[in-house]
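Next up, work_34.txt (compact mmCIF, C-alpha atoms):
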```
# COMPACT_ATOMS: atom_id res chain seq x y z
CA MET A 714 -1.08 -14.09 13.72
CA GLU A 715 -3.78 -15.45 11.38
CA ALA A 716 -6.36 -13.45 13.31
CA GLN A 717 -4.29 -10.30 12.83
CA PHE A 718 -4.02 -10.93 9.09
CA PRO A 719 -7.48 -12.12 7.97
CA THR A 720 -8.03 -12.89 4.32
CA LYS A 721 -9.86 -9.88 2.87
CA GLN A 722 -12.61 -10.52 0.38
CA ILE A 723 -15.12 -8.43 -1.58
CA LEU A 724 -16.73 -11.07 -3.79
CA ASN A 725 -17.40 -14.52 -2.38
CA GLU A 726 -17.44 -17.79 -4.32
CA ASP A 727 -21.10 -17.34 -5.25
CA GLY A 728 -20.48 -13.94 -6.81
CA VAL A 729 -22.07 -12.09 -3.91
CA VAL A 730 -20.58 -8.87 -2.54
CA VAL A 731 -19.62 -9.38 1.12
CA ASN A 732 -17.79 -6.08 1.59
CA SER A 733 -19.42 -2.97 0.12
CA GLU A 734 -16.49 -0.58 0.73
CA PHE A 735 -15.74 -0.24 -2.99
CA GLU A 736 -19.15 -1.15 -4.45
CA ASN A 737 -19.70 2.28 -5.97
CA GLU A 738 -16.47 1.83 -7.96
CA MET A 739 -17.40 -1.67 -9.17
CA THR A 740 -18.93 -0.36 -12.39
CA GLU A 741 -20.14 -2.44 -15.29
CA SER A 742 -17.33 -1.03 -17.41
CA LEU A 743 -14.60 -1.98 -14.92
CA THR A 744 -16.15 -5.39 -14.31
CA LYS A 745 -16.25 -6.26 -17.99
CA GLU A 746 -12.71 -5.02 -18.52
CA LEU A 747 -11.47 -7.24 -15.68
CA TYR A 748 -13.39 -10.21 -17.04
CA ILE A 749 -12.15 -9.77 -20.61
CA LYS A 750 -8.53 -9.50 -19.49
CA MET A 751 -8.83 -12.59 -17.31
CA LEU A 752 -10.47 -14.55 -20.14
CA ARG A 753 -7.74 -13.40 -22.53
CA ALA A 754 -5.07 -14.53 -20.10
CA ARG A 755 -6.67 -17.94 -19.62
CA MET A 756 -7.00 -18.53 -23.34
CA PHE A 757 -3.39 -17.44 -23.87
CA ASP A 758 -2.26 -19.84 -21.15
CA ARG A 759 -4.15 -22.80 -22.57
CA LYS A 760 -2.68 -22.05 -25.98
CA GLY A 761 0.80 -22.01 -24.47
CA VAL A 762 0.30 -25.47 -22.94
CA ASN A 763 -1.06 -26.82 -26.24
CA LEU A 764 1.86 -25.37 -28.21
CA GLN A 765 4.32 -27.06 -25.86
CA ARG A 766 2.55 -30.41 -26.12
CA GLN A 767 2.71 -30.09 -29.91
CA GLY A 768 6.44 -29.39 -29.81
CA ARG A 769 6.03 -25.88 -31.21
CA ILE A 770 7.59 -24.15 -28.16
CA GLY A 771 9.81 -25.35 -25.34
CA THR A 772 8.91 -25.99 -21.72
CA TYR A 773 6.04 -23.74 -20.68
CA VAL A 774 4.99 -22.47 -17.24
CA PRO A 775 1.19 -22.42 -16.83
CA PHE A 776 -0.76 -20.12 -14.51
CA GLU A 777 -4.43 -21.08 -14.99
CA GLY A 778 -6.32 -20.31 -11.80
CA GLN A 779 -4.17 -17.31 -10.91
CA GLU A 780 -5.70 -14.88 -13.42
CA ALA A 781 -7.44 -12.67 -10.84
CA ALA A 782 -4.25 -12.19 -8.81
CA GLN A 783 -2.26 -11.13 -11.86
CA VAL A 784 -4.82 -9.16 -13.87
CA GLY A 785 -6.32 -7.32 -10.90
CA SER A 786 -2.93 -6.22 -9.58
CA SER A 787 -1.39 -5.19 -12.89
CA LEU A 788 -4.38 -3.16 -14.08
CA VAL A 789 -3.70 -0.53 -11.41
CA LEU A 790 -0.33 0.39 -12.90
CA GLU A 791 0.09 3.72 -14.65
CA GLU A 792 2.37 4.83 -17.45
CA GLY A 793 5.97 4.86 -16.27
CA ASP A 794 5.48 2.34 -13.46
CA TRP A 795 7.73 -0.72 -13.34
CA MET A 796 6.77 -4.39 -13.41
CA PHE A 797 9.04 -7.22 -12.32
CA PRO A 798 7.49 -10.60 -13.22
CA THR A 799 8.51 -14.17 -12.62
CA TYR A 800 8.44 -16.76 -15.41
CA ARG A 801 4.75 -17.39 -14.59
CA ASP A 802 3.25 -13.91 -14.75
CA HIS A 803 2.08 -13.65 -18.36
CA ALA A 804 -1.39 -12.55 -17.31
CA ALA A 805 0.19 -9.57 -15.56
CA THR A 806 2.54 -8.67 -18.40
CA LEU A 807 -0.21 -9.05 -21.03
CA THR A 808 -2.47 -6.78 -19.01
CA TYR A 809 0.25 -4.15 -18.72
CA GLY A 810 0.78 -4.19 -22.47
CA HIS A 811 3.32 -6.87 -23.32
CA SER A 812 3.15 -8.46 -26.75
CA ALA A 813 1.53 -11.90 -26.93
CA ARG A 814 3.82 -12.73 -29.84
CA ASN A 815 6.93 -11.92 -27.83
CA LEU A 816 5.72 -13.94 -24.86
CA PHE A 817 5.39 -16.95 -27.14
CA LEU A 818 8.82 -16.17 -28.63
CA TYR A 819 10.29 -16.26 -25.12
CA TRP A 820 9.18 -19.89 -24.74
CA LYS A 821 10.45 -20.63 -28.24
CA GLY A 822 13.96 -19.61 -27.16
CA TYR A 823 14.24 -16.11 -28.62
CA PRO A 824 15.95 -13.46 -26.43
CA MET A 825 13.71 -10.84 -28.02
CA GLY A 826 10.83 -12.53 -26.26
CA CYS A 827 11.96 -10.63 -23.17
CA VAL A 828 11.62 -7.26 -24.90
CA PRO A 829 8.42 -5.33 -24.06
CA PRO A 830 6.81 -2.75 -26.34
CA GLU A 831 8.44 0.67 -26.45
CA GLY A 832 7.67 2.69 -23.35
CA LYS A 833 6.57 -0.28 -21.22
CA ASN A 834 8.76 -0.79 -18.16
CA ILE A 835 8.52 -4.57 -17.91
CA PHE A 836 11.64 -6.44 -16.84
CA PRO A 837 12.50 -9.83 -18.35
CA PRO A 838 10.94 -12.76 -16.46
CA ALA A 839 13.03 -13.70 -13.43
CA VAL A 840 13.89 -17.39 -13.39
CA PRO A 841 16.17 -17.30 -10.31
CA ILE A 842 13.84 -17.33 -7.32
CA ALA A 843 13.37 -13.93 -5.59
CA SER A 844 16.19 -12.09 -7.39
CA GLN A 845 13.65 -9.71 -8.94
CA LEU A 846 12.68 -8.29 -5.53
CA LEU A 847 16.05 -6.57 -5.34
CA HIS A 848 15.69 -5.17 -8.86
CA ALA A 849 12.22 -3.84 -8.05
CA THR A 850 13.41 -2.23 -4.84
CA GLY A 851 16.40 -0.60 -6.48
CA THR A 852 14.33 0.73 -9.36
CA ALA A 853 11.67 2.11 -7.01
CA TRP A 854 14.37 3.79 -4.92
CA ALA A 855 15.84 5.34 -8.09
CA GLU A 856 12.42 6.75 -9.02
CA LYS A 857 12.16 8.24 -5.55
CA MET A 858 15.64 9.77 -5.85
CA LYS A 859 14.61 11.31 -9.18
CA GLY A 860 11.56 12.86 -7.54
CA THR A 861 8.92 11.06 -9.62
CA ASP A 862 5.75 9.42 -8.35
CA ARG A 863 6.40 6.19 -10.25
CA GLY A 864 6.54 2.89 -8.40
CA SER A 865 7.32 -0.80 -8.85
CA ILE A 866 5.29 -3.94 -8.47
CA VAL A 867 7.12 -7.23 -8.11
CA TYR A 868 5.61 -10.71 -8.32
CA PHE A 869 6.83 -13.82 -6.50
CA GLY A 870 5.54 -17.10 -5.11
CA ASP A 871 5.43 -18.47 -1.60
CA GLY A 872 8.73 -20.30 -2.12
CA ALA A 873 10.51 -17.00 -2.78
CA THR A 874 9.86 -15.90 0.80
CA SER A 875 12.35 -18.56 1.93
CA GLU A 876 15.14 -16.86 -0.02
CA GLY A 877 17.49 -14.25 1.39
CA ASP A 878 16.68 -11.89 -1.49
CA PHE A 879 13.11 -11.60 -0.18
CA HIS A 880 14.25 -10.35 3.22
CA GLU A 881 16.95 -8.09 1.76
CA GLY A 882 14.45 -6.53 -0.62
CA LEU A 883 11.85 -5.85 2.06
CA ASN A 884 14.43 -4.56 4.53
CA PHE A 885 16.03 -2.15 2.03
CA ALA A 886 12.64 -0.93 0.77
CA SER A 887 11.50 -0.35 4.34
CA VAL A 888 14.64 1.51 5.41
CA PHE A 889 14.64 3.78 2.35
CA ASN A 890 10.85 4.06 2.02
CA ALA A 891 10.98 2.82 -1.56
CA PRO A 892 7.71 2.99 -3.54
CA VAL A 893 7.34 -0.73 -4.26
CA VAL A 894 4.48 -3.21 -3.89
CA PHE A 895 5.65 -6.72 -3.05
CA PHE A 896 2.94 -8.94 -4.55
CA ASN A 897 3.04 -12.53 -3.38
CA GLN A 898 0.92 -15.19 -5.07
CA ASN A 899 0.56 -17.88 -2.45
CA ASN A 900 -0.35 -21.03 -4.33
CA GLY A 901 0.41 -23.18 -1.30
CA PHE A 902 3.30 -25.01 -2.95
CA ALA A 903 6.89 -24.15 -3.85
CA ILE A 904 7.02 -26.68 -6.68
CA SER A 905 6.34 -29.85 -4.65
CA VAL A 906 6.90 -28.45 -1.15
CA PRO A 907 3.74 -27.36 0.71
CA MET A 908 3.80 -24.08 2.60
CA GLU A 909 3.75 -25.71 6.05
CA LYS A 910 7.01 -27.54 5.27
CA GLN A 911 8.93 -24.42 4.31
CA MET A 912 7.84 -21.93 6.97
CA LYS A 913 6.36 -21.91 10.46
CA THR A 914 4.38 -18.70 9.96
CA LYS A 915 0.72 -19.22 9.14
CA THR A 916 0.63 -16.32 6.68
CA ILE A 917 3.10 -14.57 4.43
CA ALA A 918 1.53 -11.17 5.10
CA GLN A 919 2.74 -11.28 8.70
CA LYS A 920 6.35 -11.20 7.51
CA ALA A 921 5.78 -7.48 6.92
CA VAL A 922 5.84 -6.93 10.69
CA ALA A 923 9.60 -7.52 10.83
CA TYR A 924 10.14 -4.59 8.45
CA ASP A 925 7.47 -2.28 9.91
CA ILE A 926 5.54 -2.03 6.64
CA PRO A 927 1.87 -2.76 5.90
CA GLY A 928 1.07 -6.42 5.30
CA VAL A 929 -2.25 -7.39 3.68
CA ARG A 930 -3.72 -10.85 3.07
CA ILE A 931 -6.37 -11.10 0.36
CA ASP A 932 -8.42 -13.68 -1.52
CA GLY A 933 -6.33 -13.94 -4.68
CA ASN A 934 -9.24 -15.43 -6.63
CA ASP A 935 -11.43 -12.39 -5.96
CA ILE A 936 -10.40 -9.91 -8.64
CA PHE A 937 -12.15 -6.98 -6.98
CA VAL A 938 -10.25 -7.26 -3.71
CA VAL A 939 -7.02 -7.76 -5.66
CA TYR A 940 -7.64 -4.68 -7.76
CA PHE A 941 -8.68 -2.32 -4.97
CA GLU A 942 -6.12 -3.46 -2.38
CA THR A 943 -3.27 -3.24 -4.90
CA LYS A 944 -4.51 0.16 -6.02
CA LYS A 945 -4.50 1.28 -2.39
CA ALA A 946 -0.94 -0.02 -1.94
CA MET A 947 0.30 1.73 -5.09
CA GLU A 948 -1.28 5.02 -3.98
CA HIS A 949 0.37 4.55 -0.59
CA ALA A 950 3.71 4.15 -2.39
CA ARG A 951 3.17 7.11 -4.75
CA GLN A 952 2.46 9.38 -1.80
CA GLY A 953 5.88 8.65 -0.35
CA ASN A 954 4.73 6.24 2.33
CA GLY A 955 6.89 3.33 1.27
CA PRO A 956 6.31 -0.34 0.46
CA THR A 957 3.48 -2.79 1.11
CA LEU A 958 3.53 -6.59 1.21
CA ILE A 959 0.42 -8.20 -0.29
CA GLU A 960 -0.26 -11.91 0.05
CA ALA A 961 -2.80 -13.08 -2.53
CA VAL A 962 -4.02 -16.55 -1.53
CA THR A 963 -4.76 -18.32 -4.79
CA TYR A 964 -4.77 -21.74 -6.44
CA ARG A 965 -3.17 -22.95 -9.66
CA TYR A 966 -4.87 -25.92 -11.30
CA GLY A 967 -2.02 -27.26 -13.37
CA ALA A 968 1.59 -28.27 -13.01
CA HIS A 969 4.53 -26.15 -11.90
CA THR A 970 5.75 -26.46 -15.51
CA THR A 971 4.86 -28.68 -18.45
CA ALA A 972 7.80 -30.87 -17.36
CA ASP A 973 6.19 -31.52 -13.97
CA ASP A 974 3.67 -34.10 -12.70
CA PRO A 975 1.64 -32.50 -9.88
CA SER A 976 -0.27 -35.72 -9.19
CA LYS A 977 2.79 -36.97 -7.31
CA TYR A 978 2.45 -34.39 -4.56
CA ARG A 979 -0.95 -32.65 -4.86
CA ASP A 980 -4.54 -33.89 -4.60
CA GLN A 981 -5.97 -33.69 -8.11
CA GLU A 982 -9.54 -33.99 -6.83
CA GLU A 983 -9.07 -30.65 -5.10
CA ALA A 984 -8.20 -29.05 -8.44
CA LYS A 985 -11.47 -30.36 -9.93
CA CYS A 986 -13.41 -29.04 -6.96
CA ARG A 987 -11.72 -25.64 -7.14
CA ARG A 988 -12.78 -25.19 -10.76
CA GLU A 989 -16.39 -25.37 -9.63
CA THR A 990 -16.06 -23.25 -6.49
CA THR A 991 -13.21 -20.73 -6.21
CA ASP A 992 -12.45 -20.19 -9.91
CA PRO A 993 -11.87 -16.45 -10.51
CA LEU A 994 -13.67 -16.27 -13.87
CA LEU A 995 -16.65 -18.31 -12.74
CA ARG A 996 -16.97 -16.12 -9.64
CA LEU A 997 -17.05 -12.95 -11.74
CA GLU A 998 -19.50 -14.51 -14.19
CA ARG A 999 -21.85 -15.22 -11.28
CA TYR A 1000 -21.53 -11.64 -10.07
CA MET A 1001 -22.19 -10.26 -13.56
CA ALA A 1002 -25.20 -12.54 -13.95
CA ASN A 1003 -26.54 -11.31 -10.61
CA LYS A 1004 -26.13 -7.72 -11.86
CA GLY A 1005 -27.85 -8.53 -15.15
CA TYR A 1006 -24.98 -7.87 -17.54
CA PHE A 1007 -23.57 -11.26 -18.40
CA GLU A 1008 -24.77 -13.02 -21.54
CA GLU A 1009 -23.36 -16.14 -23.19
CA ALA A 1010 -23.60 -14.48 -26.61
CA TRP A 1011 -21.40 -11.63 -25.38
CA LYS A 1012 -18.88 -14.08 -23.93
CA THR A 1013 -18.80 -16.02 -27.21
CA GLN A 1014 -18.11 -12.83 -29.15
CA VAL A 1015 -15.27 -11.90 -26.78
CA GLU A 1016 -13.80 -15.41 -27.07
CA GLU A 1017 -13.84 -15.16 -30.86
CA GLU A 1018 -11.99 -11.84 -30.77
CA ILE A 1019 -9.39 -13.19 -28.35
CA THR A 1020 -8.95 -16.35 -30.43
CA ARG A 1021 -8.15 -14.28 -33.51
CA GLU A 1022 -5.61 -12.23 -31.54
CA ILE A 1023 -3.88 -15.30 -30.12
CA GLU A 1024 -3.82 -17.18 -33.42
CA GLN A 1025 -2.24 -14.14 -35.08
CA ALA A 1026 0.37 -14.02 -32.32
CA VAL A 1027 1.17 -17.70 -32.88
CA GLU A 1028 1.43 -17.17 -36.64
CA ASP A 1029 3.78 -14.23 -36.11
CA MET A 1030 5.85 -16.24 -33.63
CA GLU A 1031 6.23 -19.20 -35.95
CA ALA A 1032 7.27 -16.95 -38.84
CA PHE A 1033 10.58 -16.53 -36.98
CA GLY A 1034 11.46 -20.20 -37.45
CA PRO A 1035 13.65 -22.17 -35.04
CA ALA A 1036 15.66 -20.22 -32.47
CA GLU A 1037 19.46 -20.12 -32.58
CA PRO A 1038 20.73 -22.23 -29.64
CA THR A 1039 24.02 -20.32 -29.37
CA ASP A 1040 22.04 -17.20 -28.38
CA MET A 1041 22.09 -18.50 -24.82
CA PHE A 1042 25.79 -17.56 -24.61
CA THR A 1043 25.52 -14.16 -26.28
CA HIS A 1044 24.30 -11.80 -23.58
CA VAL A 1045 25.97 -13.23 -20.47
CA PHE A 1046 28.81 -10.68 -20.54
CA GLN A 1047 29.56 -7.79 -22.88
CA THR A 1048 32.90 -9.45 -23.60
CA PRO A 1049 32.65 -13.24 -23.15
CA THR A 1050 34.83 -14.63 -20.36
CA TRP A 1051 37.07 -17.59 -21.10
CA SER A 1052 34.63 -19.93 -19.33
CA VAL A 1053 31.65 -18.78 -21.41
CA GLN A 1054 33.72 -18.98 -24.60
CA ASP A 1055 34.86 -22.47 -23.63
CA GLN A 1056 31.25 -23.56 -23.13
CA LEU A 1057 30.23 -22.03 -26.46
CA ASP A 1058 33.05 -23.80 -28.30
CA GLY A 1059 32.15 -27.09 -26.64
CA PHE A 1060 28.48 -26.64 -27.50
CA LYS A 1061 29.30 -25.95 -31.17
CA SER A 1062 31.48 -29.06 -31.32
CA ARG A 1063 28.69 -31.26 -29.96
CA MET A 1064 26.23 -29.74 -32.40
CA LYS A 1065 28.53 -30.66 -35.31
CA GLU A 1066 28.87 -34.23 -33.98
CA GLU A 1067 25.10 -34.64 -33.82
CA VAL A 1068 24.73 -33.45 -37.40
```

Please express what this file holds, its structure, as structure tokens.
Amino acid sequence: MEAQFPTKQILNEDGVVVNSEFENEMTESLTKELYIKMLRARMFDRKGVNLQRQGRIGTYVPFEGQEAAQVGSSLVLEEGDWMFPTYRDHAATLTYGHSARNLFLYWKGYPMGCVPPEGKNIFPPAVPIASQLLHATGTAWAEKMKGTDRGSIVYFGDGATSEGDFHEGLNFASVFNAPVVFFNQNNGFAISVPMEKQMKTKTIAQKAVAYDIPGVRIDGNDIFVVYFETKKAMEHARQGNGPTLIEAVTYRYGAHTTADDPSKYRDQEEAKCRRETTDPLLRLERYMANKGYFEEAWKTQVEEEITREIEQAVEDMEAFGPAEPTDMFTHVFQTPTWSVQDQLDGFKSRMKEEV
């Protein structure tokens, strides 16, 4: 099956084009836009980790190393399309227009952190594994029933493919020809469990065969192949041809969350090596240098602009003060059930005891 689902690539680790199919569309303008959005995402992510370590937000979920997979795929979305992220897809949501302030507020414990800007169809981050695939499929089907050409993209990790929701989502989308792109970021680990211990298949893309839909495997650290293959899949969906499963093979440098210690189950030397070889930003820098439009002075200027944006977002986030812990009980049901009310009452009692 691996031979039937080869890993597609446009830009290799040295920044050299190895597939010229889309080279005419790889303009300087597009390249710089992709680079800036990846750099912005990385700087946002590093700030999130630092804020958690300083006790200024709660547990944070880093994504450094996966910028190409998220930025390249989300940049193809058009107004009115739907995005269904996991708790790790801030690069995707930022690229599609989410507020950096609200993303920080989410990790500070504010429900409003889930709220996207007006007119942006971005669902709240899905913490239950794979549940968002059903939401994406249903929403895409609704758009089809309404006669629009809007579609959904849904993000999930390799571990999500072991959940029933994954198979239900793909099966329903296949049967009803729903315009949805299932975008898998295969980091090789479902928390501490390596891919080979959770599935016998050698690729995730091949799982598309069971549902008779296109399955594509791509180099998730090559932002050009991510961008153009996702664009192709979204156009396929918009034209009424149904869903596509994309497996983006990528690598995350850091922990599953800031509460995790990856050194217990993953070779940390590999992470160091990856930073020097397969890193998505470094790869694009090499390509831009080869093309003659990458300068350190330009990068420094971009970094300064992004720093100002992120610092302003942090300042705005911290102006809200501490979150209200009882908010976690507020939006479970329209009218609280006795069990939720009982938990709320018990929580308030313990809070008084601690004071």

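What separates atom CA of Thr916 of chain A from atom CA of Leu807 of chain A is a distance of 28.7 Å.
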
With all atoms listed in the file as the counted atoms, please give the residues lying no more than 12 Å from His811 of chain A, apart from itself and same-chain residues fewer than 6 positions off, as a VMD selection string.
chain A and resid 754 787 796 798 802 to 805 817 819 826 to 838 1026

Please list, as a ChimeraX atom specification, the residues that have an atom at most 12 Å away from (6.3, -4.7, -11.8) in the coordinates of this file, counting all atoms listed in the file.
/A:783,786-799,802-803,805-806,808-809,833-839,845-850,852-853,863-869,892-897,943,947

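Separating atom CA of Ile842 of chain A from atom CA of Pro956 of chain A is a distance of 20.1 Å.
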
Which residue out of A:Arg996, A:Lys1061, A:Arg801, A:Lys920 has the minimum interatomic distance to Asp935 of chain A when only C-alpha atoms are used?
A:Arg996

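Neighbouring residues of segment 1000-1012 of chain A at 7 Å or closer, counting all atoms listed in the file and skipping chain neighbours under 3 positions away, are Gly728, Val729, Arg996, Leu997, Val1015 and Glu1016 of chain A.
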
Residues at most 10 Å from Gly877 of chain A, counting all atoms listed in the file, excluding those fewer than 5 positions away in the same chain, as an MDAnalysis selection string?
chainID A and resid 842:844 882

So the first atom is atom CA of Val888 of chain A and the second is atom CA of Asp862 of chain A; what is the distance between them in Å, to one decimal place?
18.2 Å
